[in-house]
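Below is the file entry05.cif, which contains mmCIF, C-alpha atoms.
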```
data_my_file
loop_
_atom_site.label_atom_id
_atom_site.label_comp_id
_atom_site.auth_asym_id
_atom_site.auth_seq_id
_atom_site.Cartn_x
_atom_site.Cartn_y
_atom_site.Cartn_z
CA MET A 1 30.62 -70.40 0.04
CA LYS A 2 27.29 -68.57 0.47
CA LEU A 3 24.99 -69.86 -2.26
CA ASN A 4 22.28 -67.40 -1.25
CA GLU A 5 24.50 -64.50 -2.37
CA ILE A 6 24.83 -65.74 -5.96
CA VAL A 7 23.25 -63.49 -8.62
CA ILE A 8 22.78 -65.34 -11.91
CA THR A 9 23.59 -63.25 -14.98
CA LYS A 10 23.20 -65.91 -17.69
CA ILE A 11 22.48 -69.61 -18.06
CA HIS A 12 24.41 -70.62 -21.15
CA ASN A 13 23.47 -74.25 -21.73
CA LEU A 14 22.53 -77.57 -20.19
CA SER A 15 23.73 -81.03 -21.09
CA ILE A 16 23.92 -84.55 -19.74
CA ILE A 17 27.53 -85.68 -19.87
CA SER A 18 28.03 -89.35 -20.66
CA SER A 19 31.23 -90.48 -19.00
CA PRO A 20 32.39 -94.06 -19.73
CA SER A 21 34.57 -95.82 -17.19
CA GLY A 22 38.25 -94.94 -17.53
CA LYS A 23 37.68 -91.64 -19.32
CA PHE A 24 40.33 -89.01 -18.53
CA LYS A 25 40.10 -85.34 -19.43
CA GLU A 26 42.03 -82.19 -18.59
CA ILE A 27 40.20 -78.87 -18.30
CA LYS A 28 42.10 -75.61 -18.62
CA ASN A 29 40.60 -72.19 -17.90
CA ARG A 30 36.97 -73.32 -17.69
CA GLU A 31 34.79 -70.91 -19.64
CA TYR A 32 31.81 -70.76 -17.26
CA TYR A 33 30.74 -71.83 -13.80
CA GLY A 34 29.21 -75.30 -13.86
CA LEU A 35 26.79 -77.02 -11.51
CA SER A 36 26.83 -80.80 -11.95
CA PHE A 37 24.76 -83.63 -10.53
CA CYS A 38 24.99 -87.40 -10.89
CA ILE A 39 22.35 -89.78 -12.22
CA LYS A 40 24.69 -92.76 -12.05
CA GLY A 41 28.42 -93.46 -11.99
CA GLN A 42 31.31 -91.68 -10.34
CA ILE A 43 33.87 -89.06 -11.40
CA THR A 44 37.02 -88.04 -9.55
CA TYR A 45 38.08 -84.44 -10.10
CA THR A 46 41.65 -83.49 -9.20
CA GLN A 47 42.64 -79.85 -8.65
CA ASN A 48 45.82 -78.59 -7.00
CA GLY A 49 46.52 -82.05 -5.62
CA LYS A 50 43.05 -82.33 -4.03
CA ARG A 51 40.52 -84.98 -5.05
CA PHE A 52 36.77 -84.32 -5.32
CA ILE A 53 34.50 -87.28 -6.01
CA SER A 54 31.16 -86.71 -7.73
CA THR A 55 28.42 -89.22 -6.84
CA LYS A 56 24.62 -89.22 -6.43
CA SER A 57 25.14 -88.05 -2.84
CA ASN A 58 26.54 -84.63 -3.79
CA ALA A 59 26.43 -81.75 -6.27
CA VAL A 60 29.61 -80.28 -7.74
CA LEU A 61 30.31 -76.61 -8.42
CA LEU A 62 32.99 -76.24 -11.10
CA PRO A 63 34.79 -72.87 -10.97
CA LYS A 64 34.98 -70.47 -13.87
CA GLY A 65 38.61 -70.21 -14.99
CA GLY A 66 39.44 -73.43 -13.16
CA HIS A 67 42.17 -75.88 -14.11
CA TYR A 68 41.58 -79.53 -13.18
CA THR A 69 41.44 -83.11 -14.46
CA LEU A 70 38.63 -85.63 -14.27
CA THR A 71 38.66 -89.40 -14.31
CA SER A 72 35.54 -91.53 -14.67
CA ASN A 73 35.58 -94.40 -12.18
CA ALA A 74 32.42 -96.02 -13.56
CA ASP A 75 30.07 -95.55 -16.48
CA GLY A 76 27.97 -92.53 -15.62
CA LEU A 77 25.56 -89.76 -16.58
CA PHE A 78 26.08 -86.28 -15.17
CA PRO A 79 23.61 -83.40 -15.75
CA LEU A 80 25.53 -80.12 -16.11
CA ILE A 81 24.36 -76.49 -16.04
CA ASN A 82 26.82 -73.89 -17.36
CA PHE A 83 26.18 -70.36 -16.12
CA ASP A 84 27.69 -66.99 -15.27
CA CYS A 85 27.02 -65.11 -12.06
CA THR A 86 28.21 -62.51 -9.58
CA GLY A 87 28.33 -62.74 -5.80
CA ILE A 88 30.83 -65.56 -5.45
CA ASN A 89 34.60 -65.73 -5.52
CA CYS A 90 35.32 -69.39 -6.19
CA ASP A 91 38.42 -70.79 -7.85
CA GLU A 92 38.26 -74.32 -6.40
CA ILE A 93 35.88 -77.21 -7.04
CA THR A 94 33.28 -77.40 -4.29
CA LEU A 95 31.15 -80.36 -3.24
CA PHE A 96 27.68 -79.93 -1.73
CA PRO A 97 26.23 -82.96 0.08
CA LEU A 98 22.71 -83.92 -1.02
CA GLN A 99 20.03 -85.67 0.99
CA ASN A 100 18.24 -86.63 -2.22
CA ALA A 101 19.42 -85.89 -5.76
CA GLU A 102 16.09 -86.72 -7.41
CA PRO A 103 14.40 -83.28 -7.02
CA PHE A 104 17.45 -81.64 -8.60
CA ILE A 105 17.37 -84.08 -11.54
CA GLN A 106 13.65 -83.36 -12.01
CA ASP A 107 14.33 -79.59 -12.06
CA PHE A 108 17.18 -80.15 -14.52
CA ASN A 109 14.78 -81.98 -16.84
CA LYS A 110 12.30 -79.07 -16.58
CA LEU A 111 15.08 -76.65 -17.49
CA SER A 112 16.08 -78.80 -20.47
CA GLU A 113 12.52 -78.69 -21.79
CA LEU A 114 12.27 -74.93 -21.32
CA PHE A 115 15.52 -74.40 -23.22
CA LEU A 116 13.84 -75.84 -26.32
CA TYR A 117 11.59 -72.82 -26.64
CA LYS A 118 12.02 -69.05 -26.60
CA ASN A 119 10.65 -66.53 -24.11
CA ASN A 120 11.13 -68.76 -21.08
CA GLN A 121 13.98 -66.86 -19.42
CA LEU A 122 12.05 -65.79 -16.33
CA LEU A 123 10.84 -69.33 -15.64
CA ILE A 124 14.32 -70.77 -16.35
CA PHE A 125 15.91 -68.35 -13.88
CA SER A 126 13.17 -69.06 -11.32
CA ILE A 127 13.76 -72.83 -11.44
CA PHE A 128 17.53 -72.46 -11.28
CA TYR A 129 17.32 -70.08 -8.31
CA GLY A 130 15.02 -72.62 -6.66
CA MET A 131 17.66 -75.30 -7.15
CA LEU A 132 20.34 -73.08 -5.59
CA CYS A 133 18.03 -72.21 -2.70
CA ARG A 134 17.29 -75.88 -2.02
CA LEU A 135 20.99 -76.67 -2.27
CA ALA A 136 21.80 -73.94 0.26
CA GLN A 137 19.09 -75.19 2.64
CA GLU A 138 20.48 -78.72 2.51
CA GLN A 139 23.85 -77.49 3.75
CA ILE A 140 22.32 -76.31 7.02
CA PRO A 141 22.46 -78.97 9.75
CA GLN A 142 19.00 -80.06 10.86
CA ASN A 143 20.11 -79.58 14.48
CA ASP A 144 21.21 -75.98 13.96
CA THR A 145 19.02 -74.46 16.65
CA LEU A 146 20.09 -70.87 16.04
CA TYR A 147 19.24 -71.18 12.33
CA HIS A 148 15.72 -72.33 13.18
CA ALA A 149 15.33 -69.47 15.67
CA ILE A 150 16.40 -66.88 13.08
CA ASN A 151 14.20 -68.45 10.42
CA PHE A 152 11.22 -68.25 12.78
CA ILE A 153 12.00 -64.58 13.47
CA LYS A 154 12.20 -63.79 9.73
CA ASN A 155 8.86 -65.47 9.08
CA ASN A 156 7.15 -63.67 11.98
CA ILE A 157 8.84 -60.27 11.97
CA SER A 158 5.49 -58.53 11.29
CA ASN A 159 3.95 -59.99 14.44
CA PRO A 160 4.08 -57.40 17.26
CA GLU A 161 3.68 -60.27 19.75
CA LEU A 162 6.97 -61.88 18.68
CA SER A 163 8.90 -62.60 21.86
CA ASN A 164 11.59 -64.78 23.39
CA LEU A 165 8.85 -67.03 24.78
CA LEU A 166 7.15 -67.47 21.40
CA ILE A 167 10.45 -68.24 19.66
CA SER A 168 11.69 -70.66 22.31
CA GLN A 169 8.35 -72.51 22.42
CA ASN A 170 8.33 -72.87 18.63
CA ILE A 171 11.81 -74.44 18.46
CA ASN A 172 11.51 -76.35 21.76
CA ILE A 173 14.27 -74.73 23.80
CA SER A 174 14.27 -72.60 26.94
CA GLU A 175 14.36 -68.81 26.88
CA VAL A 176 17.64 -68.93 28.80
CA TYR A 177 19.25 -71.12 26.13
CA LEU A 178 17.85 -68.89 23.40
CA ARG A 179 19.50 -65.84 24.95
CA LYS A 180 22.78 -67.75 25.31
CA LEU A 181 22.75 -68.68 21.61
CA PHE A 182 22.34 -65.06 20.49
CA ALA A 183 24.89 -63.79 22.99
CA ALA A 184 27.47 -66.34 21.82
CA LYS A 185 26.92 -65.69 18.10
CA TYR A 186 26.01 -61.99 17.89
CA ASN A 187 26.79 -60.60 21.35
CA ILE A 188 23.24 -59.22 21.56
CA SER A 189 19.92 -60.43 22.92
CA PRO A 190 17.16 -61.94 20.73
CA LYS A 191 15.08 -58.78 21.35
CA GLN A 192 17.90 -56.61 20.03
CA TYR A 193 18.26 -58.89 17.01
CA ILE A 194 14.52 -58.58 16.29
CA LEU A 195 14.65 -54.80 16.59
CA ASP A 196 17.66 -54.66 14.26
CA MET A 197 15.76 -56.71 11.68
CA ARG A 198 12.69 -54.51 12.00
CA ILE A 199 14.68 -51.33 11.55
CA LYS A 200 16.49 -52.84 8.55
CA LYS A 201 13.17 -53.79 6.96
CA ALA A 202 11.73 -50.34 7.73
CA LYS A 203 14.69 -48.64 6.03
CA HIS A 204 14.11 -50.75 2.94
CA LEU A 205 10.38 -49.96 2.80
CA LEU A 206 10.92 -46.25 3.51
CA THR A 207 13.34 -46.16 0.59
CA ASN A 208 11.64 -48.42 -1.92
CA SER A 209 7.89 -48.34 -1.33
CA PRO A 210 5.07 -45.76 -1.44
CA TYR A 211 3.49 -46.94 1.82
CA SER A 212 2.64 -44.62 4.69
CA ILE A 213 4.72 -44.45 7.86
CA THR A 214 1.89 -46.13 9.76
CA ALA A 215 1.61 -48.99 7.26
CA ILE A 216 5.37 -49.55 7.26
CA GLY A 217 5.48 -49.58 11.05
CA THR A 218 2.72 -52.19 11.14
CA ASP A 219 4.40 -54.34 8.49
CA CYS A 220 7.63 -54.25 10.49
CA GLY A 221 5.93 -55.49 13.64
CA PHE A 222 5.57 -52.29 15.66
CA SER A 223 2.35 -52.11 17.64
CA SER A 224 1.85 -48.37 17.01
CA VAL A 225 3.24 -45.62 14.81
CA TYR A 226 4.43 -43.84 17.97
CA ILE A 227 6.54 -46.80 19.08
CA PHE A 228 7.85 -47.24 15.51
CA SER A 229 8.88 -43.58 15.26
CA ARG A 230 10.53 -43.59 18.68
CA CYS A 231 12.51 -46.80 18.08
CA PHE A 232 13.53 -45.75 14.59
CA LYS A 233 14.77 -42.33 15.72
CA ASN A 234 16.68 -43.88 18.64
CA ARG A 235 18.48 -46.24 16.25
CA VAL A 236 18.89 -44.09 13.13
CA GLY A 237 19.02 -40.59 14.55
CA ILE A 238 16.14 -39.19 12.50
CA SER A 239 12.42 -39.96 12.26
CA PRO A 240 10.97 -42.39 9.67
CA SER A 241 9.38 -39.51 7.75
CA GLU A 242 12.67 -37.63 7.62
CA TYR A 243 14.47 -40.79 6.47
CA ALA A 244 11.89 -41.35 3.72
CA LYS A 245 12.16 -37.73 2.56
CA ILE A 246 15.92 -38.07 2.17
CA ASN A 247 16.12 -41.58 0.73
CA ARG A 248 12.84 -42.51 -0.93
CA LYS A 249 13.32 -43.66 -4.52
CA PHE A 250 9.73 -44.61 -5.19
CA GLU A 251 7.62 -42.01 -6.95
CA LEU A 252 3.91 -42.18 -7.72
#
```
Representation of the structure as structure tokens:
Amino acid sequence: MKLNEIVITKIHNLSIISSPSGKFKEIKNREYYGLSFCIKGQITYTQNGKRFISTKSNAVLLPKGGHYTLTSNADGLFPLINFDCTGINCDEITLFPLQNAEPFIQDFNKLSELFLYKNNQLLIFSIFYGMLCRLAQEQIPQNDTLYHAINFIKNNISNPELSNLLISQNINISEVYLRKLFAAKYNISPKQYILDMRIKKAKHLLTNSPYSITAIGTDCGFSSVYIFSRCFKNRVGISPSEYAKINRKFEL
């Protein structure tokens, strides 16, 4: 499941579920998606013959429309956020390992306080998106070298000096190994990947911003407007100005 593709449409309510040892409950056609954490205790969810155990070392995504049972193995407290969203197709309980549950519990407490008052929707959504973002980041192995390379590229895409050498030095691998990683995953070189990202960003800015062609080229990491125009036309088939004329949605 790609947590970074979730688009939250509504956060319905928050609660801390008290679950005494031995409690058994059957859930049929769950009304909303639910994201649950554990302060203490343990719950075993059973769905389609599979068992999912909720502890302090994981978060639990409960599917909208899901049918399952839960059994409390020990007295516990479980913060729960009920929400609706788009961008996911999930009909099975999913566990997400956590390195540390405490930051999520702290954010849950902030959300609970905000729910007491009106006109806090933007801040509520911001905190919840932050929780999902942190949860997604924790699912990425710390030794995922390609992830760190791509993350470095994203954060430095505006730098015209971005190169294989700069990337490899930053993540402590050789340029040869860097090229092998991109070839194995994407069947292209790191330079091609960077150019693809720059062209993608340029398309977005040409469509959705009022900036000049020169400014957009600079922001996308091209050292001159000439190089930007040449690379863009080679990839897209038309010049940046022609693309903006056809697609630009932004009006002064």
Given the PyMOL selection byres ((chain A and resi 230-236) around 12), the residues it picks as a PyMOL selection string: chain A and resi 192+195-203+206+213+216-217+220-229+237-244
Sorted per-residue table, segment 130-198 of chain A near segment 93-104 of chain A, closest atoms and distance, 9 Å, all atoms listed in the file, as a Markdown table:
```
| residue | atom | partner | partner_atom | distance |
| --- | --- | --- | --- | --- |
| A:Met131 | CA | A:Phe104 | CA | 6.5 |
| A:Arg134 | CA | A:Phe104 | CA | 8.7 |
| A:Leu135 | CA | A:Phe96 | CA | 7.5 |
| A:Ala136 | CA | A:Phe96 | CA | 8.6 |
| A:Glu138 | CA | A:Leu98 | CA | 6.7 |
| A:Gln139 | CA | A:Pro97 | CA | 7.0 |
```
So, counting all atoms listed in the file, which residue among A:Asn89, A:Leu3, A:Leu181, A:Gln121 is closest to Ile140 of chain A? A:Leu3
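For the residues A:Thr207, A:Lys118, A:Cys133, A:Glu31, ranking by smallest atom-to-atom distance to Val7 of chain A using all atoms listed in the file places A:Cys133 first.
The nearest approach to Lys180 of chain A among the residues A:Asn120, A:Asn82, A:Thr9, A:Ser168, with all atoms listed in the file taken into account, belongs to A:Ser168.
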Would you write out, as a ChimeraX atom specification, every residue that the PyMOL selection byres ((chain A and resi 162-166) around 8) captures in this file? /A:153,156-157,159-161,167-170,175,178,190-191
Residues selected by the PyMOL selection byres ((chain A and resi 67) around 10), written as a VMD selection string: chain A and resid 26 to 30 46 to 48 62 to 66 68 to 69 91 to 93
Atoms kept (C-alpha atoms) for selection, written as a PDB file, in the coordinates of the input:
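What follows is the written file again.pdb:
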```pdb
ATOM      1  CA  GLU A  26      42.030 -82.190 -18.590  1.00  0.00           C
ATOM      2  CA  ILE A  27      40.200 -78.870 -18.300  1.00  0.00           C
ATOM      3  CA  LYS A  28      42.100 -75.610 -18.620  1.00  0.00           C
ATOM      4  CA  ASN A  29      40.600 -72.190 -17.900  1.00  0.00           C
ATOM      5  CA  ARG A  30      36.970 -73.320 -17.690  1.00  0.00           C
ATOM      6  CA  THR A  46      41.650 -83.490  -9.200  1.00  0.00           C
ATOM      7  CA  GLN A  47      42.640 -79.850  -8.650  1.00  0.00           C
ATOM      8  CA  ASN A  48      45.820 -78.590  -7.000  1.00  0.00           C
ATOM      9  CA  LEU A  62      32.990 -76.240 -11.100  1.00  0.00           C
ATOM     10  CA  PRO A  63      34.790 -72.870 -10.970  1.00  0.00           C
ATOM     11  CA  LYS A  64      34.980 -70.470 -13.870  1.00  0.00           C
ATOM     12  CA  GLY A  65      38.610 -70.210 -14.990  1.00  0.00           C
ATOM     13  CA  GLY A  66      39.440 -73.430 -13.160  1.00  0.00           C
ATOM     14  CA  TYR A  68      41.580 -79.530 -13.180  1.00  0.00           C
ATOM     15  CA  THR A  69      41.440 -83.110 -14.460  1.00  0.00           C
ATOM     16  CA  ASP A  91      38.420 -70.790  -7.850  1.00  0.00           C
ATOM     17  CA  GLU A  92      38.260 -74.320  -6.400  1.00  0.00           C
ATOM     18  CA  ILE A  93      35.880 -77.210  -7.040  1.00  0.00           C
TER      19      ILE A  93
END
```
Figure out the distance between atom CA of Ile81 of chain A and atom CA of Phe37 of chain A, please, to one decimal in Å.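 Interatomic distance here is 9.0 Å.
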As a list in words, please: the residues near Ser21 of chain A (cut-off 8 Å, only C-alpha atoms, same-chain neighbours under 3 positions excluded).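 In the requested form, the answer reads Ser72, Asn73, Ala74, Asp75 and Gly76 of chain A.
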Please indicate the distance in Å from atom CA of Gln106 of chain A to atom CA of Cys85 of chain A, rounded to one decimal place.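 Going from atom CA of Gln106 of chain A over to atom CA of Cys85 of chain A covers 22.6 Å.
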If you keep all heavy atoms, can you output segment 73-85 of chain A as a CSV table (one decimal), in the first residue's frame?
```
chain,number,residue,atom,x,y,z
A,73,ASN,N,-6.0,-9.4,24.1
A,73,ASN,CA,-5.1,-10.4,24.8
A,73,ASN,C,-4.6,-9.8,26.2
A,73,ASN,O,-4.2,-10.6,27.0
A,73,ASN,CB,-3.9,-10.7,24.0
A,73,ASN,CG,-4.3,-11.2,22.6
A,73,ASN,OD1,-5.2,-11.9,22.4
A,73,ASN,ND2,-3.6,-10.7,21.6
A,74,ALA,N,-4.7,-8.5,26.4
A,74,ALA,CA,-4.3,-7.9,27.6
A,74,ALA,C,-5.0,-6.6,27.7
A,74,ALA,O,-5.4,-6.0,26.7
A,74,ALA,CB,-2.8,-7.7,27.7
A,75,ASP,N,-5.2,-6.1,29.0
A,75,ASP,CA,-5.8,-4.8,29.1
A,75,ASP,C,-5.1,-3.8,28.3
A,75,ASP,O,-3.8,-3.7,28.4
A,75,ASP,CB,-5.8,-4.4,30.6
A,75,ASP,CG,-6.7,-5.3,31.5
A,75,ASP,OD1,-7.5,-6.0,30.9
A,75,ASP,OD2,-6.6,-5.2,32.7
A,76,GLY,N,-5.8,-2.9,27.5
A,76,GLY,CA,-5.1,-2.0,26.7
A,76,GLY,C,-5.8,-0.7,26.4
A,76,GLY,O,-7.0,-0.6,26.6
A,77,LEU,N,-5.1,0.2,25.8
A,77,LEU,CA,-5.6,1.5,25.3
A,77,LEU,C,-5.2,1.7,23.9
A,77,LEU,O,-3.9,1.6,23.6
A,77,LEU,CB,-5.2,2.7,26.2
A,77,LEU,CG,-5.7,2.6,27.7
A,77,LEU,CD1,-5.0,3.8,28.5
A,77,LEU,CD2,-7.2,2.8,27.8
A,78,PHE,N,-6.1,2.0,23.0
A,78,PHE,CA,-5.8,2.1,21.6
A,78,PHE,C,-6.4,3.3,21.0
A,78,PHE,O,-7.6,3.4,20.7
A,78,PHE,CB,-6.3,0.8,20.9
A,78,PHE,CG,-5.7,-0.5,21.4
A,78,PHE,CD1,-6.3,-1.1,22.5
A,78,PHE,CD2,-4.6,-1.0,20.8
A,78,PHE,CE1,-5.7,-2.3,23.0
A,78,PHE,CE2,-4.0,-2.2,21.3
A,78,PHE,CZ,-4.6,-2.8,22.4
A,79,PRO,N,-5.5,4.4,20.7
A,79,PRO,CA,-6.0,5.5,20.0
A,79,PRO,C,-6.5,5.2,18.6
A,79,PRO,O,-5.8,4.4,17.9
A,79,PRO,CB,-4.8,6.4,19.9
A,79,PRO,CG,-3.9,6.0,21.1
A,79,PRO,CD,-4.1,4.5,21.1
A,80,LEU,N,-7.6,5.7,18.2
A,80,LEU,CA,-8.2,5.4,16.9
A,80,LEU,C,-8.7,6.6,16.2
A,80,LEU,O,-9.3,7.5,16.8
A,80,LEU,CB,-9.4,4.4,17.1
A,80,LEU,CG,-10.2,4.1,15.8
A,80,LEU,CD1,-9.4,3.3,14.8
A,80,LEU,CD2,-11.5,3.3,16.2
A,81,ILE,N,-8.3,6.7,14.9
A,81,ILE,CA,-8.7,7.9,14.0
A,81,ILE,C,-9.6,7.3,12.9
A,81,ILE,O,-9.1,6.4,12.2
A,81,ILE,CB,-7.5,8.6,13.4
A,81,ILE,CG1,-6.6,9.1,14.5
A,81,ILE,CG2,-8.0,9.8,12.6
A,81,ILE,CD1,-5.3,9.6,14.0
A,82,ASN,N,-10.8,7.7,12.8
A,82,ASN,CA,-11.7,7.2,11.8
A,82,ASN,C,-11.8,8.3,10.7
A,82,ASN,O,-12.0,9.5,11.0
A,82,ASN,CB,-13.1,7.0,12.3
A,82,ASN,CG,-13.2,5.7,13.2
A,82,ASN,OD1,-12.7,4.7,12.7
A,82,ASN,ND2,-13.8,5.8,14.4
A,83,PHE,N,-11.6,7.9,9.4
A,83,PHE,CA,-11.5,8.9,8.4
A,83,PHE,C,-12.0,8.3,7.0
A,83,PHE,O,-12.1,7.0,6.9
A,83,PHE,CB,-10.1,9.4,8.2
A,83,PHE,CG,-9.1,8.3,7.8
A,83,PHE,CD1,-8.7,8.1,6.5
A,83,PHE,CD2,-8.5,7.4,8.8
A,83,PHE,CE1,-7.8,7.1,6.1
A,83,PHE,CE2,-7.6,6.4,8.4
A,83,PHE,CZ,-7.3,6.3,7.1
A,84,ASP,N,-12.2,9.1,6.1
A,84,ASP,CA,-12.5,8.7,4.7
A,84,ASP,C,-11.4,9.3,3.8
A,84,ASP,O,-10.8,10.3,4.1
A,84,ASP,CB,-13.9,9.2,4.2
A,84,ASP,CG,-15.0,8.2,4.6
A,84,ASP,OD1,-14.8,7.0,4.5
A,84,ASP,OD2,-16.1,8.7,5.0
A,85,CYS,N,-11.2,8.6,2.7
A,85,CYS,CA,-10.1,9.0,1.8
A,85,CYS,C,-10.3,8.4,0.4
A,85,CYS,O,-11.1,7.6,0.2
A,85,CYS,CB,-8.7,8.6,2.4
A,85,CYS,SG,-8.5,6.9,2.4
```
